[in-house]
$ cat model24.cif   # mmCIF, C-alpha atoms (C1' of nucleotides)
data_my_file
loop_
_atom_site.label_atom_id
_atom_site.label_comp_id
_atom_site.auth_asym_id
_atom_site.auth_seq_id
_atom_site.Cartn_x
_atom_site.Cartn_y
_atom_site.Cartn_z
CA MET D 221 -15.11 6.06 -18.40
CA ASN D 222 -14.40 2.64 -16.98
CA LEU D 223 -15.77 -0.32 -18.92
CA TYR D 224 -17.71 -1.83 -16.08
CA LEU D 225 -19.20 1.51 -15.12
CA GLU D 226 -20.50 1.83 -18.65
CA LYS D 227 -22.12 -1.55 -18.32
CA ILE D 228 -23.80 -0.46 -15.10
CA ASP D 229 -24.96 2.78 -16.71
CA LYS D 230 -26.48 0.92 -19.63
CA PHE D 231 -28.16 -1.42 -17.20
CA ILE D 232 -29.72 1.46 -15.29
CA THR D 233 -30.82 3.14 -18.49
CA SER D 234 -32.73 -0.02 -19.37
CA PHE D 235 -34.80 0.03 -16.17
CA ASP D 236 -38.56 -0.22 -16.65
CA TYR D 237 -40.88 2.45 -15.30
CA LYS D 238 -41.93 0.35 -12.33
CA THR D 239 -38.34 -0.08 -11.14
CA ILE D 240 -37.52 3.59 -11.52
CA GLU D 241 -40.67 4.50 -9.61
CA ALA D 242 -39.84 2.07 -6.84
CA LEU D 243 -36.33 3.49 -6.52
CA ASN D 244 -37.63 7.05 -6.44
CA ASN D 245 -40.12 6.10 -3.76
CA ILE D 246 -37.39 5.10 -1.34
CA SER D 247 -35.01 7.94 -2.17
CA LYS D 248 -35.10 11.54 -1.13
CA THR D 249 -33.08 14.61 -1.96
CA GLU D 250 -30.88 15.95 0.79
CA VAL D 251 -28.69 19.03 0.82
CA PHE D 252 -25.47 19.40 2.77
CA LYS D 253 -23.21 22.35 3.32
CA LYS D 254 -19.47 22.30 2.85
CA ASN D 255 -17.70 20.29 5.57
CA ASP D 256 -20.90 18.62 6.80
CA PHE D 257 -20.67 14.97 7.78
CA LEU D 258 -22.82 12.40 6.00
CA LEU D 259 -21.45 9.77 8.34
CA ARG D 260 -19.29 9.84 11.42
CA GLN D 261 -17.11 7.19 12.93
CA GLY D 262 -19.14 5.15 15.39
CA GLN D 263 -22.44 5.71 13.60
CA THR D 264 -24.00 2.90 11.60
CA CYS D 265 -24.27 3.71 7.91
CA LYS D 266 -28.00 3.45 7.28
CA LYS D 267 -28.13 5.23 3.94
CA SER D 268 -26.31 5.37 0.66
CA TYR D 269 -25.85 8.78 -0.91
CA HIS D 270 -26.03 9.17 -4.64
CA ILE D 271 -24.18 12.43 -5.29
CA GLU D 272 -26.06 14.78 -7.60
CA ASN D 273 -23.51 17.54 -7.36
CA GLY D 274 -20.61 18.60 -5.20
CA ILE D 275 -17.69 16.63 -3.79
CA ALA D 276 -17.32 14.46 -0.71
CA ARG D 277 -14.67 12.22 0.72
CA LYS D 278 -14.46 9.15 2.89
CA PHE D 279 -11.65 8.95 5.46
CA TYR D 280 -10.61 7.43 8.71
CA ILE D 281 -8.26 8.58 11.42
CA SER D 282 -5.22 6.53 12.26
CA ASN D 283 -2.61 7.76 14.71
CA GLY D 284 -4.31 11.13 14.73
CA LYS D 285 -3.85 11.40 10.99
CA GLU D 286 -6.68 11.52 8.46
CA ILE D 287 -6.42 8.95 5.69
CA THR D 288 -8.69 9.64 2.75
CA THR D 289 -9.84 6.42 1.12
CA GLU D 290 -12.25 7.65 -1.50
CA LEU D 291 -13.43 10.78 -3.25
CA PHE D 292 -16.99 11.16 -4.47
CA PHE D 293 -18.21 13.27 -7.38
CA ALA D 294 -21.48 13.68 -9.20
CA ASN D 295 -23.01 10.28 -9.93
CA ASP D 296 -20.86 8.41 -7.41
CA ILE D 297 -22.47 6.56 -4.54
CA ALA D 298 -21.08 7.47 -1.16
CA PHE D 299 -21.38 5.07 1.74
CA SER D 300 -19.19 2.99 4.02
CA LEU D 301 -19.45 -0.59 2.78
CA ASN D 302 -18.10 -2.13 5.93
CA SER D 303 -20.68 -0.42 8.11
CA TYR D 304 -23.52 -0.52 5.59
CA ALA D 305 -23.32 -4.20 4.64
CA GLN D 306 -23.00 -5.42 8.21
CA GLN D 307 -25.00 -2.64 9.87
CA ILE D 308 -22.31 -2.13 12.45
CA PRO D 309 -20.63 1.10 13.63
CA SER D 310 -18.47 2.76 11.02
CA ILE D 311 -14.72 3.20 11.25
CA GLU D 312 -14.91 5.79 8.51
CA PHE D 313 -16.21 9.33 8.21
CA ILE D 314 -17.89 10.72 5.13
CA GLN D 315 -17.63 14.48 4.80
CA THR D 316 -18.45 16.98 2.10
CA LEU D 317 -15.69 19.13 0.60
CA THR D 318 -18.15 21.50 -1.06
CA ASP D 319 -21.86 22.10 -0.81
CA VAL D 320 -23.44 18.84 -1.88
CA THR D 321 -26.82 17.61 -3.09
CA VAL D 322 -27.60 13.90 -2.88
CA LYS D 323 -30.37 11.41 -3.39
CA SER D 324 -30.21 9.32 -0.25
CA THR D 325 -31.60 5.81 -0.09
CA ASP D 326 -32.44 4.00 3.11
CA TYR D 327 -30.70 0.68 3.75
CA GLN D 328 -33.80 -1.13 5.03
CA ALA D 329 -36.06 0.12 2.27
CA PHE D 330 -33.49 -0.76 -0.38
CA ASN D 331 -33.08 -4.26 1.02
CA LEU D 332 -36.80 -4.77 1.05
CA LEU D 333 -37.02 -3.60 -2.52
CA LYS D 334 -34.29 -6.02 -3.57
CA LYS D 335 -36.41 -8.92 -2.36
CA SER D 336 -39.34 -7.99 -4.56
CA ASN D 337 -37.38 -6.71 -7.54
CA SER D 338 -34.53 -8.82 -8.88
CA ILE D 339 -33.33 -6.01 -11.12
CA ILE D 340 -32.51 -3.98 -8.05
CA ALA D 341 -30.77 -6.97 -6.53
CA GLU D 342 -28.71 -7.30 -9.67
CA LEU D 343 -27.83 -3.62 -9.60
CA ASP D 344 -26.64 -3.96 -6.03
CA LEU D 345 -24.35 -6.83 -7.01
CA MET D 346 -22.94 -4.92 -9.97
CA LEU D 347 -22.18 -1.89 -7.86
CA THR D 348 -20.48 -4.03 -5.24
CA GLU D 349 -18.45 -5.85 -7.86
CA TYR D 350 -17.41 -2.56 -9.33
CA TYR D 351 -16.30 -1.28 -5.95
CA ALA D 352 -14.28 -4.45 -5.31
CA ILE D 353 -12.61 -4.17 -8.70
CA TRP D 354 -11.83 -0.55 -7.93
CA LEU D 355 -10.26 -1.59 -4.62
CA GLU D 356 -8.16 -4.24 -6.37
CA GLU D 357 -6.95 -1.61 -8.79
CA ARG D 358 -6.06 0.71 -5.92
CA LEU D 359 -4.08 -2.01 -4.15
CA PHE D 360 -2.37 -2.79 -7.43
CA GLN D 361 -1.30 0.82 -7.78
CA PHE D 362 0.13 0.96 -4.27
CA HIS D 363 2.16 -2.17 -4.94
CA THR D 364 3.53 -1.33 -8.34
CA MET D 365 3.77 2.43 -8.65
CA THR D 366 5.84 5.12 -6.97
CA ALA D 367 4.24 8.17 -5.40
CA THR D 368 5.11 10.20 -8.49
CA GLN D 369 3.54 7.67 -10.83
CA ARG D 370 0.38 7.53 -8.74
CA TYR D 371 0.12 11.29 -8.79
CA GLU D 372 0.63 11.44 -12.54
CA LYS D 373 -1.98 8.75 -13.06
CA LEU D 374 -4.42 10.74 -10.96
CA LEU D 375 -3.63 13.82 -13.01
CA THR D 376 -4.34 12.14 -16.34
CA ASN D 377 -7.27 9.94 -15.29
CA ASP D 378 -9.04 12.19 -12.84
CA ALA D 379 -7.92 15.72 -13.52
CA HIS D 380 -11.16 16.93 -11.93
CA ILE D 381 -9.98 15.45 -8.64
CA ILE D 382 -7.12 17.88 -8.51
CA GLN D 383 -9.34 20.93 -8.90
CA ASN D 384 -10.93 22.33 -5.79
CA ILE D 385 -9.41 19.82 -3.41
CA PRO D 386 -6.76 20.80 -0.85
CA LEU D 387 -3.43 19.07 -1.31
CA THR D 388 -3.59 17.59 2.17
CA ILE D 389 -6.51 15.48 1.06
CA ILE D 390 -5.01 14.51 -2.28
CA ALA D 391 -1.81 13.53 -0.51
CA SER D 392 -3.58 11.29 1.95
CA TYR D 393 -5.63 9.79 -0.89
CA LEU D 394 -2.37 8.98 -2.66
CA GLY D 395 -0.96 7.56 0.56
CA ILE D 396 1.87 10.08 0.82
CA SER D 397 2.73 13.03 3.01
CA LEU D 398 1.73 16.55 2.11
CA GLU D 399 5.37 17.58 1.76
CA THR D 400 6.17 14.76 -0.63
CA LEU D 401 3.22 15.70 -2.83
CA SER D 402 4.35 19.29 -2.88
CA ARG D 403 7.82 18.18 -4.01
CA ILE D 404 6.40 15.94 -6.71
CA ARG D 405 4.42 18.88 -8.04
CA ALA D 406 7.46 21.15 -7.92
CA LYS D 407 9.40 18.76 -10.15
CA ALA D 408 6.75 18.37 -12.85
CA MET W 652 -13.57 -16.39 12.30
CA ASN W 653 -14.64 -13.12 10.79
CA LEU W 654 -18.12 -11.88 11.70
CA TYR W 655 -19.37 -11.53 8.17
CA LEU W 656 -18.03 -14.94 7.18
CA GLU W 657 -20.03 -16.43 10.02
CA LYS W 658 -23.13 -14.74 8.69
CA ILE W 659 -22.46 -16.20 5.26
CA ASP W 660 -21.88 -19.64 6.75
CA LYS W 661 -25.14 -19.48 8.65
CA PHE W 662 -26.89 -18.39 5.50
CA ILE W 663 -25.53 -21.34 3.55
CA THR W 664 -26.43 -23.74 6.33
CA SER W 665 -30.03 -22.55 6.05
CA PHE W 666 -30.31 -23.45 2.35
CA ASP W 667 -33.28 -25.61 1.40
CA TYR W 668 -32.78 -28.93 -0.32
CA LYS W 669 -33.72 -27.55 -3.74
CA THR W 670 -31.05 -24.88 -3.59
CA ILE W 671 -28.36 -27.29 -2.47
CA GLU W 672 -29.32 -29.68 -5.25
CA ALA W 673 -29.22 -26.90 -7.82
CA LEU W 674 -25.77 -25.84 -6.68
CA ASN W 675 -24.48 -29.40 -6.76
CA ASN W 676 -25.83 -29.83 -10.26
CA ILE W 677 -23.65 -27.08 -11.65
CA SER W 678 -20.53 -27.96 -9.64
CA LYS W 679 -18.02 -30.68 -10.17
CA THR W 680 -15.02 -31.95 -8.27
CA GLU W 681 -11.64 -31.30 -9.83
CA VAL W 682 -8.21 -32.35 -8.65
CA PHE W 683 -5.01 -30.41 -9.24
CA LYS W 684 -1.40 -31.26 -8.56
CA LYS W 685 1.02 -28.98 -6.79
CA ASN W 686 2.02 -25.98 -8.93
CA ASP W 687 -0.80 -26.48 -11.43
CA PHE W 688 -2.53 -23.37 -12.71
CA LEU W 689 -6.26 -22.90 -12.18
CA LEU W 690 -6.05 -19.71 -14.19
CA ARG W 691 -3.39 -18.05 -16.25
CA GLN W 692 -2.93 -14.44 -17.20
CA GLY W 693 -4.72 -13.78 -20.47
CA GLN W 694 -7.34 -16.47 -19.95
CA THR W 695 -10.87 -15.48 -19.02
CA CYS W 696 -11.90 -16.76 -15.61
CA LYS W 697 -14.92 -18.93 -16.39
CA LYS W 698 -15.13 -20.83 -13.14
CA SER W 699 -14.97 -20.26 -9.44
CA TYR W 700 -13.12 -22.84 -7.39
CA HIS W 701 -14.36 -23.73 -3.96
CA ILE W 702 -11.29 -25.22 -2.27
CA GLU W 703 -12.00 -28.51 -0.50
CA ASN W 704 -8.43 -29.08 0.56
CA GLY W 705 -4.97 -27.84 -0.23
CA ILE W 706 -3.62 -24.33 -0.74
CA ALA W 707 -3.57 -22.02 -3.73
CA ARG W 708 -2.56 -18.46 -4.38
CA LYS W 709 -3.50 -15.67 -6.72
CA PHE W 710 -0.73 -13.45 -8.09
CA TYR W 711 0.26 -11.18 -10.91
CA ILE W 712 3.59 -10.32 -12.39
CA SER W 713 4.78 -6.74 -12.35
CA ASN W 714 8.26 -5.78 -13.49
CA GLY W 715 9.14 -9.43 -13.70
CA LYS W 716 8.26 -9.85 -10.05
CA GLU W 717 5.45 -12.02 -8.73
CA ILE W 718 3.05 -10.22 -6.41
CA THR W 719 0.80 -12.52 -4.42
CA THR W 720 -2.57 -10.92 -3.76
CA GLU W 721 -4.47 -13.70 -2.06
CA LEU W 722 -4.01 -17.09 -0.47
CA PHE W 723 -6.72 -19.73 -0.58
CA PHE W 724 -7.33 -22.51 1.94
CA ALA W 725 -10.04 -25.06 2.50
CA ASN W 726 -13.47 -23.44 2.17
CA ASP W 727 -12.19 -20.34 0.37
CA ILE W 728 -13.42 -19.51 -3.09
CA ALA W 729 -10.65 -18.93 -5.59
CA PHE W 730 -11.27 -16.85 -8.70
CA SER W 731 -10.19 -13.59 -10.26
CA LEU W 732 -13.01 -11.13 -9.69
CA ASN W 733 -11.87 -8.69 -12.31
CA SER W 734 -11.84 -11.32 -15.04
CA TYR W 735 -14.82 -13.29 -13.76
CA ALA W 736 -17.28 -10.44 -13.29
CA GLN W 737 -16.48 -8.82 -16.61
CA GLN W 738 -15.61 -12.01 -18.52
CA ILE W 739 -12.46 -10.42 -19.86
CA PRO W 740 -8.87 -11.77 -19.93
CA SER W 741 -7.29 -12.07 -16.51
CA ILE W 742 -4.30 -10.09 -15.30
CA GLU W 743 -3.83 -12.59 -12.50
CA PHE W 744 -2.69 -16.17 -12.23
CA ILE W 745 -4.14 -18.69 -9.81
CA GLN W 746 -1.77 -21.51 -8.93
CA THR W 747 -1.79 -24.32 -6.41
CA LEU W 748 0.91 -24.49 -3.75
CA THR W 749 0.02 -28.05 -2.79
CA ASP W 750 -2.12 -30.78 -4.29
CA VAL W 751 -5.61 -29.34 -4.30
CA THR W 752 -9.18 -30.60 -4.57
CA VAL W 753 -11.92 -28.16 -5.52
CA LYS W 754 -15.59 -27.97 -6.39
CA SER W 755 -15.62 -25.85 -9.51
CA THR W 756 -18.68 -23.91 -10.61
CA ASP W 757 -19.21 -22.61 -14.10
CA TYR W 758 -19.80 -18.86 -14.50
CA GLN W 759 -22.63 -19.18 -17.03
CA ALA W 760 -24.45 -21.89 -15.13
CA PHE W 761 -24.14 -19.98 -11.88
CA ASN W 762 -25.48 -16.82 -13.48
CA LEU W 763 -28.41 -18.68 -14.91
CA LEU W 764 -29.14 -20.21 -11.54
CA LYS W 765 -29.09 -16.79 -9.91
CA LYS W 766 -31.91 -15.66 -12.15
CA SER W 767 -34.20 -18.46 -11.06
CA ASN W 768 -33.12 -18.65 -7.44
CA SER W 769 -32.89 -15.43 -5.45
CA ILE W 770 -31.15 -17.19 -2.57
CA ILE W 771 -28.21 -17.87 -4.86
CA ALA W 772 -28.25 -14.26 -6.02
CA GLU W 773 -28.16 -13.17 -2.41
CA LEU W 774 -25.26 -15.49 -1.69
CA ASP W 775 -23.33 -14.02 -4.60
CA LEU W 776 -23.82 -10.52 -3.24
CA MET W 777 -22.76 -11.52 0.26
CA LEU W 778 -19.59 -13.15 -1.03
CA THR W 779 -18.76 -10.11 -3.11
CA GLU W 780 -19.39 -7.78 -0.19
CA TYR W 781 -17.19 -9.91 1.98
CA TYR W 782 -14.39 -9.79 -0.57
CA ALA W 783 -14.67 -6.00 -0.86
CA ILE W 784 -14.56 -5.64 2.92
CA TRP W 785 -11.51 -7.87 2.96
CA LEU W 786 -9.84 -5.68 0.34
CA GLU W 787 -10.62 -2.56 2.36
CA GLU W 788 -9.04 -4.17 5.40
CA ARG W 789 -5.96 -5.08 3.36
CA LEU W 790 -5.59 -1.50 2.10
CA PHE W 791 -6.06 -0.28 5.64
CA GLN W 792 -3.22 -2.49 6.82
CA PHE W 793 -0.87 -1.27 4.12
CA HIS W 794 -1.61 2.31 5.06
CA THR W 795 -1.36 2.05 8.81
CA MET W 796 0.99 -0.77 9.69
CA THR W 797 4.70 -1.38 9.26
CA ALA W 798 6.04 -4.53 7.60
CA THR W 799 6.77 -5.99 11.03
CA GLN W 800 3.26 -5.28 12.29
CA ARG W 801 1.71 -6.84 9.20
CA TYR W 802 3.83 -9.94 9.63
CA GLU W 803 2.91 -10.24 13.30
CA LYS W 804 -0.76 -9.80 12.49
CA LEU W 805 -0.47 -12.57 9.92
CA LEU W 806 1.22 -14.76 12.51
CA THR W 807 -1.51 -14.32 15.08
CA ASN W 808 -4.55 -14.26 12.78
CA ASP W 809 -3.53 -16.77 10.15
CA ALA W 810 -0.81 -18.93 11.65
CA HIS W 811 -1.77 -21.64 9.16
CA ILE W 812 -0.64 -19.35 6.35
CA ILE W 813 2.90 -19.45 7.60
CA GLN W 814 3.07 -23.24 7.56
CA ASN W 815 3.92 -24.89 4.30
CA ILE W 816 4.32 -21.71 2.32
CA PRO W 817 7.71 -20.51 1.04
CA LEU W 818 8.82 -17.17 2.44
CA THR W 819 9.05 -15.66 -1.02
CA ILE W 820 5.31 -15.96 -1.32
CA ILE W 821 4.57 -14.73 2.18
CA ALA W 822 6.86 -11.76 1.59
CA SER W 823 5.12 -10.78 -1.62
CA TYR W 824 1.74 -11.25 0.06
CA LEU W 825 2.90 -8.84 2.77
CA GLY W 826 4.16 -6.46 0.12
CA ILE W 827 7.80 -6.63 1.23
CA SER W 828 11.03 -8.12 -0.08
CA LEU W 829 12.14 -11.60 0.84
CA GLU W 830 15.19 -10.21 2.62
CA THR W 831 13.15 -7.84 4.75
CA LEU W 832 10.86 -10.67 5.82
CA SER W 833 13.85 -12.78 6.74
CA ARG W 834 15.18 -9.95 8.91
CA ILE W 835 11.83 -9.43 10.59
CA ARG W 836 11.77 -13.11 11.48
CA ALA W 837 15.34 -13.00 12.76
CA LYS W 838 14.42 -10.24 15.22
CA ALA W 839 11.36 -11.91 16.69
"C1'" DT M 1370 25.92 -39.88 0.15
"C1'" DT M 1371 27.15 -36.75 -3.17
"C1'" DT M 1372 25.39 -33.41 -6.27
"C1'" DA M 1373 22.05 -30.17 -7.85
"C1'" DT M 1374 18.43 -27.12 -6.83
"C1'" DT M 1375 15.86 -24.24 -4.18
"C1'" DA M 1376 15.01 -21.67 0.20
"C1'" DT M 1377 16.72 -18.66 3.72
"C1'" DT M 1378 19.91 -15.70 5.98
"C1'" DT M 1379 23.29 -12.12 6.42
"C1'" DG M 1380 26.05 -8.05 5.02
"C1'" DA M 1381 26.91 -3.58 2.85
"C1'" DC M 1382 24.93 -0.01 0.70
"C1'" DC M 1383 21.09 2.93 -1.41
"C1'" DT M 1384 16.82 5.42 -1.98
"C1'" DA M 1385 12.02 6.87 -1.71
"C1'" DA M 1386 9.48 8.95 1.23
"C1'" DG M 1387 8.63 10.54 6.10
"C1'" DT M 1388 9.31 13.96 9.87
"C1'" DC M 1389 10.07 18.31 11.95
"C1'" DA M 1390 10.54 23.08 11.50
"C1'" DA M 1391 10.45 27.31 9.30
"C1'" DA M 1392 9.16 30.32 5.41
"C1'" DT M 1393 6.06 31.95 2.11
"C1'" DG M 1394 1.43 32.34 -0.15
"C1'" DT M 1395 -3.43 32.84 -0.34
"C1'" DA M 1396 -7.99 33.76 1.24
"C1'" DC M 1397 -11.18 35.38 4.52
"C1'" DT M 1398 -12.42 38.61 8.19
"C1'" DT M 1399 -13.62 42.84 10.43
"C1'" DA Y 303 -5.72 47.45 4.45
"C1'" DA Y 304 -4.10 44.93 8.28
"C1'" DG Y 305 -4.74 40.63 10.76
"C1'" DT Y 306 -5.82 35.94 11.37
"C1'" DA Y 307 -6.15 31.41 9.70
"C1'" DC Y 308 -5.15 28.01 6.55
"C1'" DA Y 309 -2.55 26.05 2.38
"C1'" DT Y 310 1.69 25.24 0.18
"C1'" DT Y 311 6.54 25.18 -0.37
"C1'" DT Y 312 11.29 24.54 0.93
"C1'" DG Y 313 15.19 22.88 3.76
"C1'" DA Y 314 17.72 19.66 6.67
"C1'" DC Y 315 17.73 15.35 8.45
"C1'" DT Y 316 16.04 10.44 9.47
"C1'" DT Y 317 14.39 5.91 8.45
"C1'" DA Y 318 12.00 1.82 6.74
"C1'" DG Y 319 12.61 -1.02 3.53
"C1'" DG Y 320 14.77 -2.07 -1.14
"C1'" DT Y 321 18.69 -3.91 -3.94
"C1'" DC Y 322 22.68 -6.57 -5.01
"C1'" DA Y 323 25.77 -10.04 -3.80
"C1'" DA Y 324 27.47 -13.70 -1.28
"C1'" DA Y 325 27.02 -17.31 2.33
"C1'" DT Y 326 24.41 -21.05 4.44
"C1'" DA Y 327 20.62 -24.25 4.94
"C1'" DA Y 328 17.50 -27.47 3.49
"C1'" DT Y 329 15.42 -30.69 -0.09
"C1'" DA Y 330 15.29 -33.41 -3.77
"C1'" DA Y 331 17.29 -36.18 -7.12
"C1'" DA Y 332 20.84 -39.24 -9.13
#
$ encode --input "model24.cif" --output "structure tokens"
Amino acid sequence: MNLYLEKIDKFITSFDYKTIEALNNISKTEVFKKNDFLLRQGQTCKKSYHIENGIARKFYISNGKEITTELFFANDIAFSLNSYAQQIPSIEFIQTLTDVTVKSTDYQAFNLLKKSNSIIAELDLMLTEYYAIWLEERLFQFHTMTATQRYEKLLTNDAHIIQNIPLTIIASYLGISLETLSRIRAKA
Amino acid sequence: MNLYLEKIDKFITSFDYKTIEALNNISKTEVFKKNDFLLRQGQTCKKSYHIENGIARKFYISNGKEITTELFFANDIAFSLNSYAQQIPSIEFIQTLTDVTVKSTDYQAFNLLKKSNSIIAELDLMLTEYYAIWLEERLFQFHTMTATQRYEKLLTNDAHIIQNIPLTIIASYLGISLETLSRIRAKA
DNA sequence: TTTATTATTTGACCTAAGTCAAATGTACTT
DNA sequence: AAGTACATTTGACTTAGGTCAAATAATAAA
């Protein structure tokens, strides 16, 4: 696992009872069926979804083409930062790829909790930092690696991503066409 | 200006005297000459640099080639998130492109201040969110726009970037070769 | 003002990846 | 089991942008 994620995990593990209670109080379990939308373009993202099991993806549509920007697995937190942080309409969709169970947390309630509990505020910062670092890494990969290298990296680092997910989605996540991905796979 | 930046600016403007004092106490003015390094690869980023005037850039070297990832102007905050947040050696360099004056803030001192002052903690989160949103936007542009479109967008949105900065750096910031940028400019 | 040095342009050629179209595979219905 | 829908592969062709090399500008330095 990533170093910073470990740090976050340790941090969460250290939470006192009061903090855990408070978090539970503003979260609720929700169940979605395959292909359901957690968020649609134009809606404001008012919740974050902590995935308990299943897979989801975040994508937007550009020139009629879907561009997948993130994949979510168990323990990931799915939301659209741009819409969530500013509470403005989302450009992105979030959709399940399988049946999915989440713990959803309301934006308002979470923000309120942050004010009274600095541990929660710190958690929020850590998660945001982690996401930014992840984005930097993704940009880095697009600048320095070929499509084949990016695919191979995905294979070694996130083999679970390849399972169960249609190639169309993997291709758009890698920023390449479906046909190119198919050819890359044929070679290897 | 960007919507979220405005929000941050308003927030800062609303700071009480105590908070401003506290921030000033842990910041100091530093002056750099053109081409000086604020941070080198391998060093741990222990300060953030609030640019007062001048221009700097952040870049890394991949395959012997410099890739510029960010440009900093007056009022921007220059640092390497990856190194700063984790306090690990930096992959990136930060270098001035002109003579530069900054207010530098120490990582440790800032972190300490955050613990005692929740306004500062909130500011930190807002800045990090803004940076992540900016990164998302940058990824979006690489996925959906051609080199020419990215250049034109830069021209209209950040005309000041074009001034004073060598084309090599603009090209690498746009993720294209120097020659391609020259040809794009020749057309327009 | 001449000489270095660095920045920019232009030309010729190459390549990774995209597009369009058709073929094959796989899974899901009824 | 045959039919429909969707996923993947393969082929033929195009293209944006890269690379390498040489020619001009533009700046700085002696």
$ resolve_selection --input "model24.cif" --expression "the PyMOL selection byres ((chain D) within 8 of (chain M))" --output "CSV table (one decimal) with C-alpha atoms, in the coordinates of the input"
chain,number,residue,atom,x,y,z
D,396,ILE,CA,1.9,10.1,0.8
D,397,SER,CA,2.7,13.0,3.0
D,400,THR,CA,6.2,14.8,-0.6
$ closest_atom_pairs --input "model24.cif" --of "chain D" --to "chain Y" --cutoff "12 Å" --atoms "only C-alpha atoms (C1' of nucleotides)" --output "CSV"
residue,atom,partner,partner_atom,distance
D:Ile385,CA,Y:DA309,C1',10.9
D:Pro386,CA,Y:DA309,C1',7.5
D:Leu387,CA,Y:DA309,C1',7.9
D:Thr388,CA,Y:DA309,C1',8.5
D:Ile389,CA,Y:DA309,C1',11.4
D:Leu398,CA,Y:DT310,C1',8.9
D:Glu399,CA,Y:DT311,C1',8.0
D:Thr400,CA,Y:DT311,C1',10.4
D:Leu401,CA,Y:DT310,C1',10.1
D:Ser402,CA,Y:DT311,C1',6.8
D:Arg403,CA,Y:DT311,C1',8.0
D:Ile404,CA,Y:DT311,C1',11.2
D:Arg405,CA,Y:DT311,C1',10.1
D:Ala406,CA,Y:DT311,C1',8.6
$ interface_residues --input "model24.cif" --of "chain W" --to "chain D" --cutoff "9 Å" --atoms "all atoms listed in the file" --output "PyMOL selection string"
chain W and resi 654-655+713-714+718+720+732-733+736-737+766+769+772-773+775-777+779-784+786-787+789-791+793-795+826
$ residues_around --input "model24.cif" --residues "region 660-677 of chain W" --least-positions-apart "5" --cutoff "8 Å" --atoms "all atoms listed in the file" --output "ChimeraX atom specification"
/W:756-757,760-761,764,768,770-771,774
$ write_last_selection --input "model24.cif" --atoms "C-alpha atoms" --output "PDB file, in the coordinates of the input"
ATOM      1  CA  THR W 756     -18.680 -23.910 -10.610  1.00  0.00           C
ATOM      2  CA  ASP W 757     -19.210 -22.610 -14.100  1.00  0.00           C
ATOM      3  CA  ALA W 760     -24.450 -21.890 -15.130  1.00  0.00           C
ATOM      4  CA  PHE W 761     -24.140 -19.980 -11.880  1.00  0.00           C
ATOM      5  CA  LEU W 764     -29.140 -20.210 -11.540  1.00  0.00           C
ATOM      6  CA  ASN W 768     -33.120 -18.650  -7.440  1.00  0.00           C
ATOM      7  CA  ILE W 770     -31.150 -17.190  -2.570  1.00  0.00           C
ATOM      8  CA  ILE W 771     -28.210 -17.870  -4.860  1.00  0.00           C
ATOM      9  CA  LEU W 774     -25.260 -15.490  -1.690  1.00  0.00           C
TER      10      LEU W 774
END
$ residues_around --input "model24.cif" --residues "Thr318 (chain D)" --least-positions-apart "3" --cutoff "7 Å" --atoms "only C-alpha atoms (C1' of nucleotides)" --output "PyMOL selection string"
chain D and resi 253-255+274-275
$ atom_distance --input "model24.cif" --atom1 "CA of Leu225 (chain D)" --atom2 "CA of His701 (chain W)"
28.0 Å
$ atom_distance --input "model24.cif" --atom1 "CA of Leu722 (chain W)" --atom2 "CA of Ala707 (chain W)"
5.9 Å
